[in-house]
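Colleague: The structure under discussion is supplied below as structure tokens; questions concerning it will follow.
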Amino acid sequence: MSQLSVKGLSYTYSDGVPALKGLDFQLETGSRTALVGPNGAGKTSLLLAIAGLLQTQGEILINHAPLTAKNADSLREHMSFVFQNPDEMLFMPTVIEDVCFGLDTLGLDDKMALERGQAALSQVSLEGYEQRSAHHLSYGERRKVCIATALARRSDITLFDEPSRELDPYGRRNFIDLFHKMTGTMILATHDLELVLETCTQMILLDEGQIIKMGKPDEILGDVQLMESHKLEVPHSLTRHPHSH
Amino acid sequence: MSQLSVKGLSYTYSDGVPALKGLDFQLETGSRTALVGPNGAGKTSLLLAIAGLLQTQGEILINHAPLTAKNADSLREHMSFVFQNPDEMLFMPTVIEDVCFGLDTLGLDDKMALERGQAALSQVSLEGYEQRSAHHLSYGERRKVCIATALARRSDITLFDEPSRELDPYGRRNFIDLFHKMTGTMILATHDLELVLETCTQMILLDEGQIIKMGKPDEILGDVQLMESHKLEVPHSLTRHPHSH
Amino acid sequence: MNHAFIDRYSRLDSPLHKRSPATKILGVSVCLIALLFVIPLLNPPQIWAGLLIYSAIMVLITLSSSVPFSFLLSRSALVLPFSVLIVFVNYVSGNFSFAQMIETTVKSLLSIFTLLLLTSTTPFHEILKQLSRWGTPRLFIIILSFMYRYFFLLMGEIEALERAVHMRHSSVSGWKRIRVYTNMIGMLLVRSYERAEHVYQAMQMRGFTGDFP
Amino acid sequence: MHIPDGFLNTPVTLATAGVSGLTLVYSLKKVNQSIRPEQIPLLGLLASFVFMIQLFSFPIGIGTSIHLTGALLISILVGPLAGFLIMTISLFALALLFQHGGMLSLGANILNMGVVGCFLGYGIYRFIPGRRASLIVAGLLSGVVSASFCALELALSGMLDLSSAFATMLLIYGITGTIEGVASMFILEFLKKIKPELLESTA
């Protein structure tokens, strides 16, 4: 069952530079897909396009419904987006208000929304943080609040833009554990190729707005020639160790 | 010959939380040292302290001269700092103005400053970018401009805060190549443990404002117990590959 | 500048902190009106008595708040430069009444002290919520709460920009200083615009269509 | 110049609060009608921005320091009505959180900096042709008018002898206003180079 289907998707920045050039792919329900590519490949644009936040050409089907300017608002009810920069996602005075922001548009009353929000906070081990404000939290904690906002929505599709950026190895490990506990279809744009290997079952290699290859992460990331021709590197865990054999 | 000597260095944030607690270490001229530790360990505070940008307790000697509020300006003439976020360093309308900013205080006239700036831009392969605005460049290019500002100063000591953050593997490789071409004493704070192995000859493991260990990167980073007790992970290139032996 | 801690005592636990924001806002309003509108109606000796009684009340309230006096007094003293300026201008013009200046200065000190008791015992967002319950227009409250949220971020950015300048430039002065600082402000504005775009996208993702709760 | 509480008498306090209050009600109504949802976070960020630049003071001698108000710049960027709303909100927050200006004298401060800076400043800016000259004249005149209002309010409250105070205040605020105009000019030129689309709506 394909949950997301993209046909001939193109997008051009307002200065006329093309960002996405006719992409076609389908993602199954429950799949975990990494978007990988050099800076400027179009990863963030693709995530924004799927979320209906850009004016694109081509077709995007979400749960078989075409995404248009008109129904973007209602289709977004099935999606969550965890942005690169937590400070752009957290704008309410307290943590719990941030986590519950917008839950009313999903048809939840205040009490249900609060319960969901608290459950989400405890999933990211931030119980007791409800009344604190985001600007008093550490970077890792702010990232966790962002993930909690997505968890509280219980979306069919969750989009992550560079989730491990600026996290120390421990915070990154935490994220990976949480990611495995989450349900639904996940799409994750990242430069962290080791993260791809630990979290995703398939990946899309993007470069200059085009899909170069779609397939299993270890096969694509292990292909030295392919990686080098797209300004990437085979991650260490896939290279043979100098003193093996 | 020690170029930088730190004795009993302490720093407390304005809210009373201690950031650095009595650090002692010395760095030789031309050494390349990584500062490693979890978020909040005090890495950035230590870099800012060395640059004389914080009000600290204890002693910092740069080229045997004690750093004080009075001579910080003149000692900074021997130092460069590449910030975490390029947007915080680049605020002039054009790239060349950013690169040449402050070169006049090093006693260079406009013509010499311009030559130095252009030489620095060509070292980072950004010839022809002089009149562009840094704001319109890609992230990787902006990082390169930041490095060029440091190169143009030809400092004895260069400080880097998270230089590989947000760079794609290719941009990161570029940075490593440039780093090896640079001269002088280098101090580099990072979460990217593979980067430490590729660039530095020694490292300082920091946690909670204290030096846990100072020594060779492969020895410290390869110590599973030590890494885990400080919220870090042994980098992949130091772990034995599953199918070796 | 202690910017990160502008309401740093607002999360303590004291009898005054536990009072509802409504009580405290109303209380402060009544106090300020009494101090600035009612006391001045009295005859000169009574004015001094009034100010003395008012001060005593403030001391009692402060004692029940566990907010340090030193903090309240040092912040209240921020009004002194203005008083000094007015005294100076009046002194030059020969239109100088010592008693009047002391009275005015005491009134401003007490007025700031009173407001500080509110902001040091009530988190800012609680004040906003209460104002909103009393019918303050939505747009006013929204902008105010965004302002508070992003102030800390902007301060961090301006500090970083200043550090970047100090790092490369020992003494920026005169004309050049204006150029450098206006560039910094311009850069900050550009980034604010871009951040605002992203914030709006994040709001849209969570169902925001223009109606703010 | 933020007038603290205690310096204005009751009639002046009430009159200035009335004028500022009515302007606020009007601008809220107008902005509410015309605002697009995507502008909401922007207005908040700009309020934060004004709040911040008002905290940065430059010493100018004789124990006095000045700061920019940001009113002219903000009005050019988002229009005088939204600009006034942003100024009002920043001044309210400055009084509440930073003790810059009193709470009951807020009406007077909004009148001096918000009404004058946004409406008069912006009006002059639009009226005089030539961007550079118009900005400097707008800055200078709104600074002078703002100082006159401030002096007048203090004089009517019996705090100042109008004739003597006037010259000093006009001099100081003529300088401040000119600096405000020049700074706005440099900032707008920077924006024009880096992100010209910000100025399209107002060009």
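Naming works like this for the structure tokens: A, B, ... for the chains as they're shown, residue 1 at the start of each chain, ligands 1 onward in shown order.
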For a quick test of understanding: name the residues of chain C lying within 8 Å of chain D when counting only C-alpha atoms, and present them as a compact mmCIF listing (two decimals) with C-alpha atoms, in the first residue's frame.
Modeller:
# COMPACT_ATOMS: atom_id res chain seq x y z
CA ILE C 6 14.87 39.40 33.45
CA ASP C 7 12.24 37.50 35.38
CA LEU C 32 0.48 52.56 41.41
CA LEU C 36 1.05 58.43 41.56
CA PHE C 37 -2.47 59.91 41.55
CA ARG C 75 16.94 47.44 39.51
CA SER C 76 14.90 50.35 40.90
CA LEU C 78 17.83 52.44 37.04
CA VAL C 79 15.59 55.50 37.29
CA PRO C 81 20.06 58.81 35.71
CA PHE C 82 16.78 60.34 34.52
CA LEU C 85 19.28 64.78 34.27
CA ILE C 86 16.10 66.60 35.29
CA VAL C 89 18.47 70.92 33.74
CA ASN C 90 16.47 72.58 36.51
CA SER C 93 17.71 77.10 34.70
CA ASN C 95 14.14 76.66 38.66
CA THR C 104 9.56 62.83 42.46
CA THR C 105 12.58 60.55 42.63
CA LYS C 107 7.89 58.20 43.72
CA SER C 108 9.64 56.78 40.65
CA SER C 111 6.80 52.75 41.33
CA ILE C 112 9.52 50.62 39.75
CA LEU C 115 6.26 46.69 39.27
CA LEU C 116 9.32 44.58 40.03
CA THR C 119 7.45 40.59 37.47
CA LEU C 139 -3.05 40.14 18.23
CA PHE C 140 -1.48 42.22 20.99
CA ILE C 142 0.40 37.01 20.32
CA ILE C 143 2.97 39.58 19.26
CA LEU C 144 3.99 40.09 22.87
CA SER C 145 4.50 36.39 23.44
CA PHE C 146 6.51 35.98 20.23
CA MET C 147 8.53 39.00 21.27
CA TYR C 148 9.40 37.45 24.61
CA TYR C 150 12.56 35.42 20.42
CA PHE C 151 14.22 38.11 22.50
CA LEU C 154 18.22 37.68 19.23
CA MET C 155 20.30 38.63 22.26
CA ILE C 178 28.25 53.06 12.82
CA ARG C 179 28.83 51.17 9.56
CA THR C 182 24.30 48.97 11.12
CA ASN C 183 25.54 46.00 9.08
CA ILE C 185 21.60 45.12 12.69
CA GLY C 186 20.82 44.60 8.99
CA MET C 187 22.11 41.04 9.15
CA LEU C 189 16.92 41.76 10.42
CA VAL C 190 17.52 39.52 7.40
CA SER C 192 14.74 37.53 11.61
CA TYR C 193 12.72 37.62 8.38
CA ALA C 196 9.79 34.22 10.74
CA GLU C 197 9.16 32.38 7.45
CA VAL C 199 8.27 29.67 12.14
CA TYR C 200 5.18 30.20 10.03
CA THR C 209 -4.54 28.77 9.48
CA GLY C 210 -4.66 32.23 11.02
Colleague: Kindly provide, as a PyMOL selection string, the residues of chain C having any atom no farther than 10 Å from an atom of chain B, counting only C-alpha atoms.
Modeller: chain C and resi 1-5+8+157-172+179-188+190-191
Colleague: Keeping C-alpha atoms for every residue in the selection just given, could you write it to a file as a JSON list (two decimals), in the first residue's frame?
Modeller:
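And here's result.json as it stands now:
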[["chain", "number", "residue", "atom", "x", "y", "z"],
["C", 1, "MET", "CA", 23.32, 42.96, 30.76],
["C", 2, "ASN", "CA", 21.48, 40.28, 32.71],
["C", 3, "HIS", "CA", 19.09, 39.70, 29.83],
["C", 4, "ALA", "CA", 18.65, 35.96, 30.33],
["C", 5, "PHE", "CA", 17.27, 36.52, 33.80],
["C", 8, "ARG", "CA", 14.68, 35.25, 37.17],
["C", 157, "GLU", "CA", 22.91, 36.41, 18.16],
["C", 158, "ILE", "CA", 23.92, 39.99, 18.83],
["C", 159, "GLU", "CA", 26.38, 38.81, 21.47],
["C", 160, "ALA", "CA", 27.90, 36.40, 18.98],
["C", 161, "LEU", "CA", 28.15, 39.15, 16.35],
["C", 162, "GLU", "CA", 29.88, 41.42, 18.85],
["C", 163, "ARG", "CA", 32.31, 38.67, 19.71],
["C", 164, "ALA", "CA", 33.07, 38.19, 16.04],
["C", 165, "VAL", "CA", 33.84, 41.90, 15.74],
["C", 166, "HIS", "CA", 36.07, 41.93, 18.84],
["C", 167, "MET", "CA", 37.88, 38.85, 17.58],
["C", 168, "ARG", "CA", 38.99, 40.57, 14.40],
["C", 169, "HIS", "CA", 38.92, 44.24, 15.26],
["C", 170, "SER", "CA", 40.53, 45.70, 18.33],
["C", 171, "SER", "CA", 39.03, 49.17, 18.25],
["C", 172, "VAL", "CA", 36.09, 50.04, 16.07],
["C", 179, "ARG", "CA", 28.83, 51.17, 9.56],
["C", 180, "VAL", "CA", 29.76, 47.96, 11.35],
["C", 181, "TYR", "CA", 26.86, 48.14, 13.78],
["C", 182, "THR", "CA", 24.30, 48.97, 11.12],
["C", 183, "ASN", "CA", 25.54, 46.00, 9.08],
["C", 184, "MET", "CA", 25.11, 43.81, 12.14],
["C", 185, "ILE", "CA", 21.60, 45.12, 12.69],
["C", 186, "GLY", "CA", 20.82, 44.60, 8.99],
["C", 187, "MET", "CA", 22.11, 41.04, 9.15],
["C", 188, "LEU", "CA", 20.00, 40.43, 12.23],
["C", 190, "VAL", "CA", 17.52, 39.52, 7.40],
["C", 191, "ARG", "CA", 17.83, 36.51, 9.65]]
Colleague: Quick one: pick out all alpha helix (DSSP H) residues within chain C from a backbone DSSP run and write them as a PyMOL selection string.
Modeller: chain C and resi 15-18+21-33+44-63+69-76+80-93+98-119+124-133+138-168+174-205
Colleague: How would the residues just chosen look if you wrote them out with C-alpha atoms as a compact mmCIF listing (two decimals), in the first residue's frame?
Modeller:
# COMPACT_ATOMS: atom_id res chain seq x y z
CA PRO C 15 3.23 33.05 49.54
CA LEU C 16 3.34 35.90 47.03
CA HIS C 17 4.36 33.62 44.14
CA LYS C 18 1.36 31.41 44.90
CA PRO C 21 -1.73 36.61 38.60
CA ALA C 22 -5.09 38.45 38.58
CA THR C 23 -4.74 39.41 42.25
CA LYS C 24 -1.19 40.59 41.74
CA ILE C 25 -1.89 42.63 38.61
CA LEU C 26 -4.89 44.30 40.24
CA GLY C 27 -2.92 44.86 43.44
CA VAL C 28 -0.05 46.50 41.60
CA SER C 29 -2.47 48.69 39.62
CA VAL C 30 -4.18 49.88 42.79
CA CYS C 31 -0.80 50.60 44.42
CA LEU C 32 0.48 52.56 41.41
CA ILE C 33 -2.68 54.66 41.18
CA PRO C 44 3.12 68.46 51.61
CA PRO C 45 3.61 66.98 55.13
CA GLN C 46 0.95 64.37 54.45
CA ILE C 47 2.66 63.44 51.18
CA TRP C 48 5.78 62.44 53.11
CA ALA C 49 3.71 60.43 55.53
CA GLY C 50 1.93 58.79 52.61
CA LEU C 51 5.21 57.85 50.93
CA LEU C 52 6.50 56.47 54.21
CA ILE C 53 3.43 54.29 54.73
CA TYR C 54 3.61 53.13 51.10
CA SER C 55 7.27 52.16 51.55
CA ALA C 56 6.45 50.23 54.71
CA ILE C 57 3.75 48.28 52.85
CA MET C 58 6.21 47.46 50.07
CA VAL C 59 8.76 46.21 52.59
CA LEU C 60 6.17 43.93 54.16
CA ILE C 61 5.13 42.55 50.78
CA THR C 62 8.74 41.99 49.80
CA LEU C 63 9.35 40.05 53.01
CA PHE C 69 15.95 43.36 48.47
CA SER C 70 19.32 43.91 46.86
CA PHE C 71 17.93 42.84 43.48
CA LEU C 72 14.82 45.03 43.75
CA LEU C 73 16.79 48.06 44.91
CA SER C 74 19.51 47.77 42.29
CA ARG C 75 16.94 47.44 39.51
CA SER C 76 14.90 50.35 40.90
CA LEU C 80 18.29 57.64 38.91
CA PRO C 81 20.06 58.81 35.71
CA PHE C 82 16.78 60.34 34.52
CA SER C 83 16.28 62.13 37.85
CA VAL C 84 19.84 63.41 37.75
CA LEU C 85 19.28 64.78 34.27
CA ILE C 86 16.10 66.60 35.29
CA VAL C 87 17.83 67.98 38.40
CA PHE C 88 20.71 69.15 36.25
CA VAL C 89 18.47 70.92 33.74
CA ASN C 90 16.47 72.58 36.51
CA TYR C 91 19.64 73.58 38.34
CA VAL C 92 20.99 75.25 35.21
CA SER C 93 17.71 77.10 34.70
CA PHE C 98 15.12 70.31 46.16
CA ALA C 99 12.06 68.94 47.99
CA GLN C 100 10.11 68.48 44.77
CA MET C 101 12.97 66.59 43.13
CA ILE C 102 13.37 64.26 46.11
CA GLU C 103 9.65 63.58 46.18
CA THR C 104 9.56 62.83 42.46
CA THR C 105 12.58 60.55 42.63
CA VAL C 106 11.15 58.65 45.60
CA LYS C 107 7.89 58.20 43.72
CA SER C 108 9.64 56.78 40.65
CA LEU C 109 11.80 54.47 42.74
CA LEU C 110 8.72 53.15 44.56
CA SER C 111 6.80 52.75 41.33
CA ILE C 112 9.52 50.62 39.75
CA PHE C 113 9.86 48.67 42.99
CA THR C 114 6.14 47.90 42.88
CA LEU C 115 6.26 46.69 39.27
CA LEU C 116 9.32 44.58 40.03
CA LEU C 117 7.36 42.81 42.75
CA LEU C 118 4.90 41.74 40.07
CA THR C 119 7.45 40.59 37.47
CA PHE C 124 5.73 36.63 32.11
CA HIS C 125 3.47 34.19 30.29
CA GLU C 126 1.15 34.05 33.32
CA ILE C 127 0.78 37.82 33.13
CA LEU C 128 -0.02 37.51 29.43
CA LYS C 129 -2.60 34.79 30.03
CA GLN C 130 -4.34 36.93 32.61
CA LEU C 131 -4.36 40.00 30.35
CA SER C 132 -5.81 37.80 27.64
CA ARG C 133 -8.58 36.57 29.99
CA ARG C 138 -5.50 38.61 20.68
CA LEU C 139 -3.05 40.14 18.23
CA PHE C 140 -1.48 42.22 20.99
CA ILE C 141 -0.93 39.15 23.18
CA ILE C 142 0.40 37.01 20.32
CA ILE C 143 2.97 39.58 19.26
CA LEU C 144 3.99 40.09 22.87
CA SER C 145 4.50 36.39 23.44
CA PHE C 146 6.51 35.98 20.23
CA MET C 147 8.53 39.00 21.27
CA TYR C 148 9.40 37.45 24.61
CA ARG C 149 10.23 34.07 23.09
CA TYR C 150 12.56 35.42 20.42
CA PHE C 151 14.22 38.11 22.50
CA PHE C 152 16.59 35.57 24.05
CA LEU C 153 17.54 34.23 20.66
CA LEU C 154 18.22 37.68 19.23
CA MET C 155 20.30 38.63 22.26
CA GLY C 156 22.39 35.51 21.79
CA GLU C 157 22.91 36.41 18.16
CA ILE C 158 23.92 39.99 18.83
CA GLU C 159 26.38 38.81 21.47
CA ALA C 160 27.90 36.40 18.98
CA LEU C 161 28.15 39.15 16.35
CA GLU C 162 29.88 41.42 18.85
CA ARG C 163 32.31 38.67 19.71
CA ALA C 164 33.07 38.19 16.04
CA VAL C 165 33.84 41.90 15.74
CA HIS C 166 36.07 41.93 18.84
CA MET C 167 37.88 38.85 17.58
CA ARG C 168 38.99 40.57 14.40
CA GLY C 174 33.55 56.65 14.97
CA TRP C 175 32.15 56.37 11.49
CA LYS C 176 33.33 52.82 11.00
CA ARG C 177 31.56 51.82 14.20
CA ILE C 178 28.25 53.06 12.82
CA ARG C 179 28.83 51.17 9.56
CA VAL C 180 29.76 47.96 11.35
CA TYR C 181 26.86 48.14 13.78
CA THR C 182 24.30 48.97 11.12
CA ASN C 183 25.54 46.00 9.08
CA MET C 184 25.11 43.81 12.14
CA ILE C 185 21.60 45.12 12.69
CA GLY C 186 20.82 44.60 8.99
CA MET C 187 22.11 41.04 9.15
CA LEU C 188 20.00 40.43 12.23
CA LEU C 189 16.92 41.76 10.42
CA VAL C 190 17.52 39.52 7.40
CA ARG C 191 17.83 36.51 9.65
CA SER C 192 14.74 37.53 11.61
CA TYR C 193 12.72 37.62 8.38
CA GLU C 194 13.97 34.21 7.38
CA ARG C 195 13.31 32.80 10.81
CA ALA C 196 9.79 34.22 10.74
CA GLU C 197 9.16 32.38 7.45
CA HIS C 198 10.27 29.11 8.98
CA VAL C 199 8.27 29.67 12.14
CA TYR C 200 5.18 30.20 10.03
CA GLN C 201 5.85 26.95 8.15
CA ALA C 202 6.17 25.13 11.47
CA MET C 203 2.86 26.65 12.57
CA GLN C 204 1.18 25.64 9.31
CA MET C 205 2.44 22.07 9.78
Colleague: Env of segment 116-120 of chain D: 6 Å cut, atoms = only C-alpha atoms, seq-sep filter 2 positions within chain, self excluded. Answer as a PyMOL selection string.
Modeller: chain D and resi 71-72+75+80+84+112-114+122-123+142
Colleague: Grab the residues selected above and save them as a PDB file, in the first residue's frame with all heavy atoms.
Modeller:
ATOM      1  N   ALA D  71      11.717  53.152  15.360  1.00  0.00           N
ATOM      2  CA  ALA D  71      10.368  53.439  14.856  1.00  0.00           C
ATOM      3  C   ALA D  71      10.364  53.694  13.351  1.00  0.00           C
ATOM      4  O   ALA D  71       9.530  53.156  12.621  1.00  0.00           O
ATOM      5  CB  ALA D  71       9.785  54.639  15.594  1.00  0.00           C
ATOM      6  N   LEU D  72      11.313  54.496  12.895  1.00  0.00           N
ATOM      7  CA  LEU D  72      11.346  54.866  11.478  1.00  0.00           C
ATOM      8  C   LEU D  72      11.586  53.624  10.614  1.00  0.00           C
ATOM      9  O   LEU D  72      10.862  53.380   9.644  1.00  0.00           O
ATOM     10  CB  LEU D  72      12.462  55.905  11.278  1.00  0.00           C
ATOM     11  CG  LEU D  72      12.601  56.507   9.900  1.00  0.00           C
ATOM     12  CD1 LEU D  72      11.328  57.194   9.472  1.00  0.00           C
ATOM     13  CD2 LEU D  72      13.774  57.483   9.887  1.00  0.00           C
ATOM     14  N   SER D  75       8.612  51.223  10.553  1.00  0.00           N
ATOM     15  CA  SER D  75       7.483  51.748   9.780  1.00  0.00           C
ATOM     16  C   SER D  75       7.739  51.623   8.290  1.00  0.00           C
ATOM     17  O   SER D  75       6.821  51.389   7.511  1.00  0.00           O
ATOM     18  CB  SER D  75       7.233  53.210  10.129  1.00  0.00           C
ATOM     19  OG  SER D  75       6.940  53.305  11.496  1.00  0.00           O
ATOM     20  N   PRO D  80       3.347  52.157   8.746  1.00  0.00           N
ATOM     21  CA  PRO D  80       3.289  52.881  10.021  1.00  0.00           C
ATOM     22  C   PRO D  80       2.308  52.296  11.032  1.00  0.00           C
ATOM     23  O   PRO D  80       2.574  52.342  12.232  1.00  0.00           O
ATOM     24  CB  PRO D  80       2.862  54.294   9.610  1.00  0.00           C
ATOM     25  CG  PRO D  80       2.313  54.158   8.240  1.00  0.00           C
ATOM     26  CD  PRO D  80       2.958  52.982   7.606  1.00  0.00           C
ATOM     27  N   PHE D  84       3.605  51.046  14.459  1.00  0.00           N
ATOM     28  CA  PHE D  84       3.162  51.629  15.725  1.00  0.00           C
ATOM     29  C   PHE D  84       2.773  50.531  16.728  1.00  0.00           C
ATOM     30  O   PHE D  84       3.095  50.601  17.910  1.00  0.00           O
ATOM     31  CB  PHE D  84       1.967  52.560  15.485  1.00  0.00           C
ATOM     32  CG  PHE D  84       1.352  53.074  16.750  1.00  0.00           C
ATOM     33  CD1 PHE D  84       1.978  54.077  17.473  1.00  0.00           C
ATOM     34  CD2 PHE D  84       0.170  52.537  17.236  1.00  0.00           C
ATOM     35  CE1 PHE D  84       1.429  54.545  18.658  1.00  0.00           C
ATOM     36  CE2 PHE D  84      -0.385  53.000  18.423  1.00  0.00           C
ATOM     37  CZ  PHE D  84       0.255  54.006  19.128  1.00  0.00           C
ATOM     38  N   ASN D 112       5.374  59.934  22.452  1.00  0.00           N
ATOM     39  CA  ASN D 112       6.633  60.559  22.026  1.00  0.00           C
ATOM     40  C   ASN D 112       7.395  59.720  21.019  1.00  0.00           C
ATOM     41  O   ASN D 112       7.952  60.249  20.067  1.00  0.00           O
ATOM     42  CB  ASN D 112       7.549  60.797  23.228  1.00  0.00           C
ATOM     43  CG  ASN D 112       6.884  61.638  24.287  1.00  0.00           C
ATOM     44  OD1 ASN D 112       5.852  62.257  24.039  1.00  0.00           O
ATOM     45  ND2 ASN D 112       7.460  61.647  25.481  1.00  0.00           N
ATOM     46  N   MET D 113       7.463  58.421  21.271  1.00  0.00           N
ATOM     47  CA  MET D 113       8.290  57.584  20.395  1.00  0.00           C
ATOM     48  C   MET D 113       7.489  56.873  19.331  1.00  0.00           C
ATOM     49  O   MET D 113       7.906  56.784  18.186  1.00  0.00           O
ATOM     50  CB  MET D 113       9.067  56.580  21.236  1.00  0.00           C
ATOM     51  CG  MET D 113      10.279  57.203  21.874  1.00  0.00           C
ATOM     52  SD  MET D 113      11.151  56.069  22.948  1.00  0.00           S
ATOM     53  CE  MET D 113      10.332  56.404  24.493  1.00  0.00           C
ATOM     54  N   GLY D 114       6.321  56.346  19.695  1.00  0.00           N
ATOM     55  CA  GLY D 114       5.533  55.570  18.744  1.00  0.00           C
ATOM     56  C   GLY D 114       4.775  56.443  17.761  1.00  0.00           C
ATOM     57  O   GLY D 114       4.987  56.362  16.561  1.00  0.00           O
ATOM     58  N   TYR D 122       7.445  58.513   9.330  1.00  0.00           N
ATOM     59  CA  TYR D 122       7.129  57.836   8.081  1.00  0.00           C
ATOM     60  C   TYR D 122       6.522  58.815   7.073  1.00  0.00           C
ATOM     61  O   TYR D 122       6.824  58.762   5.886  1.00  0.00           O
ATOM     62  CB  TYR D 122       6.165  56.681   8.340  1.00  0.00           C
ATOM     63  CG  TYR D 122       5.843  55.877   7.112  1.00  0.00           C
ATOM     64  CD1 TYR D 122       6.757  54.964   6.618  1.00  0.00           C
ATOM     65  CD2 TYR D 122       4.637  56.040   6.434  1.00  0.00           C
ATOM     66  CE1 TYR D 122       6.490  54.234   5.475  1.00  0.00           C
ATOM     67  CE2 TYR D 122       4.353  55.315   5.290  1.00  0.00           C
ATOM     68  CZ  TYR D 122       5.287  54.408   4.818  1.00  0.00           C
ATOM     69  OH  TYR D 122       5.015  53.694   3.686  1.00  0.00           O
ATOM     70  N   GLY D 123       5.668  59.719   7.574  1.00  0.00           N
ATOM     71  CA  GLY D 123       5.054  60.709   6.685  1.00  0.00           C
ATOM     72  C   GLY D 123       6.110  61.568   5.998  1.00  0.00           C
ATOM     73  O   GLY D 123       6.067  61.763   4.780  1.00  0.00           O
ATOM     74  N   SER D 142      11.635  63.911  13.495  1.00  0.00           N
ATOM     75  CA  SER D 142      10.880  63.144  14.496  1.00  0.00           C
ATOM     76  C   SER D 142      11.621  63.152  15.826  1.00  0.00           C
ATOM     77  O   SER D 142      10.982  63.147  16.887  1.00  0.00           O
ATOM     78  CB  SER D 142      10.499  61.735  14.019  1.00  0.00           C
ATOM     79  OG  SER D 142      11.588  61.079  13.473  1.00  0.00           O
TER      80      SER D 142
END
Colleague: Residues of chain B near chain A: apply a cut-off of 12 Å, count only C-alpha atoms, and supply the list as an NGL selection string.
Modeller: :B and (15 or 36-41 or 84-85 or 136-141 or 161-174 or 189-195 or 227-245)
Colleague: Go ahead and write the selection's residues with C-alpha atoms as a compact mmCIF listing (two decimals), in the first residue's frame.
Modeller:
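Written file, again.txt:
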# COMPACT_ATOMS: atom_id res chain seq x y z
CA ASP B 15 23.27 32.63 36.17
CA VAL B 36 35.86 16.63 22.86
CA GLY B 37 33.00 16.18 25.28
CA PRO B 38 29.22 15.92 25.50
CA ASN B 39 26.96 18.97 25.02
CA GLY B 40 27.46 21.32 27.94
CA ALA B 41 30.95 20.02 28.73
CA GLN B 84 30.08 27.52 14.82
CA ASN B 85 27.59 29.52 12.83
CA HIS B 136 23.59 34.30 -0.82
CA LEU B 137 26.18 31.54 -0.75
CA SER B 138 25.52 27.92 0.13
CA TYR B 139 26.25 26.79 3.64
CA GLY B 140 29.46 25.05 2.63
CA GLU B 141 30.67 28.15 0.81
CA ASP B 161 34.12 25.61 16.98
CA GLU B 162 32.35 22.61 15.38
CA PRO B 163 33.91 23.14 11.96
CA SER B 164 32.25 20.14 10.29
CA ARG B 165 28.73 20.77 11.51
CA GLU B 166 26.19 20.82 8.66
CA LEU B 167 28.84 20.11 6.05
CA ASP B 168 28.16 17.27 3.66
CA PRO B 169 30.84 14.57 3.41
CA TYR B 170 32.49 16.37 0.51
CA GLY B 171 32.59 19.72 2.30
CA ARG B 172 33.95 17.96 5.34
CA ARG B 173 36.70 16.33 3.27
CA ASN B 174 37.51 19.78 1.85
CA ALA B 189 36.02 21.72 19.44
CA THR B 190 33.83 19.06 17.88
CA HIS B 191 31.38 16.18 18.27
CA ASP B 192 32.69 14.63 15.07
CA LEU B 193 35.02 12.02 16.49
CA GLU B 194 36.10 10.74 13.10
CA LEU B 195 37.20 14.29 12.31
CA MET B 227 33.73 6.99 26.16
CA GLU B 228 30.52 5.56 27.54
CA SER B 229 30.98 7.06 30.97
CA HIS B 230 31.14 10.49 29.31
CA LYS B 231 28.16 10.09 26.98
CA LEU B 232 30.34 9.48 23.94
CA GLU B 233 30.83 6.55 21.58
CA VAL B 234 33.91 4.91 20.12
CA PRO B 235 34.03 6.05 16.46
CA HIS B 236 33.37 3.38 13.86
CA SER B 237 36.83 3.54 12.38
CA LEU B 238 38.30 2.44 15.72
CA THR B 239 35.93 -0.49 16.31
CA ARG B 240 36.79 -3.83 14.83
CA HIS B 241 34.69 -4.49 11.79
CA PRO B 242 32.16 -7.35 12.25
CA HIS B 243 33.64 -9.44 9.47
CA SER B 244 37.31 -8.86 10.21
CA HIS B 245 39.34 -11.92 11.37
Colleague: What parts of segment 69-239 of chain B does DSSP call strand (DSSP E or B)? I'd like the answer as a ChimeraX atom specification.
Modeller: /B:79-82,157-161,185-189,202-207,210-215
Colleague: Counting only C-alpha atoms, what is within 10 Å of Thr199 of chain B, bar same-chain residues fewer than 6 positions away, as JSON, numbers by chain?
Modeller: {"B": [32, 33, 34, 175, 176, 177, 179, 180, 186, 188, 217]}
Colleague: By how many Å are atom CA of Ser122 of chain A and atom CA of Val95 of chain A apart?
Modeller: 12.4 Å
Colleague: Which value, in Å to one decimal, gives the distance between atom CA of Ile60 of chain B and atom CA of Thr201 of chain B?
Modeller: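 Separating atom CA of Ile60 of chain B from atom CA of Thr201 of chain B is a distance of 21.9 Å.
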Colleague: Mind checking which residues fall within 7 Å of Ser148 of chain D, counting only C-alpha atoms, ignoring those fewer than 4 positions away in the same chain, and posting them as a VMD selection string?
Modeller: chain D and resid 144 152 170
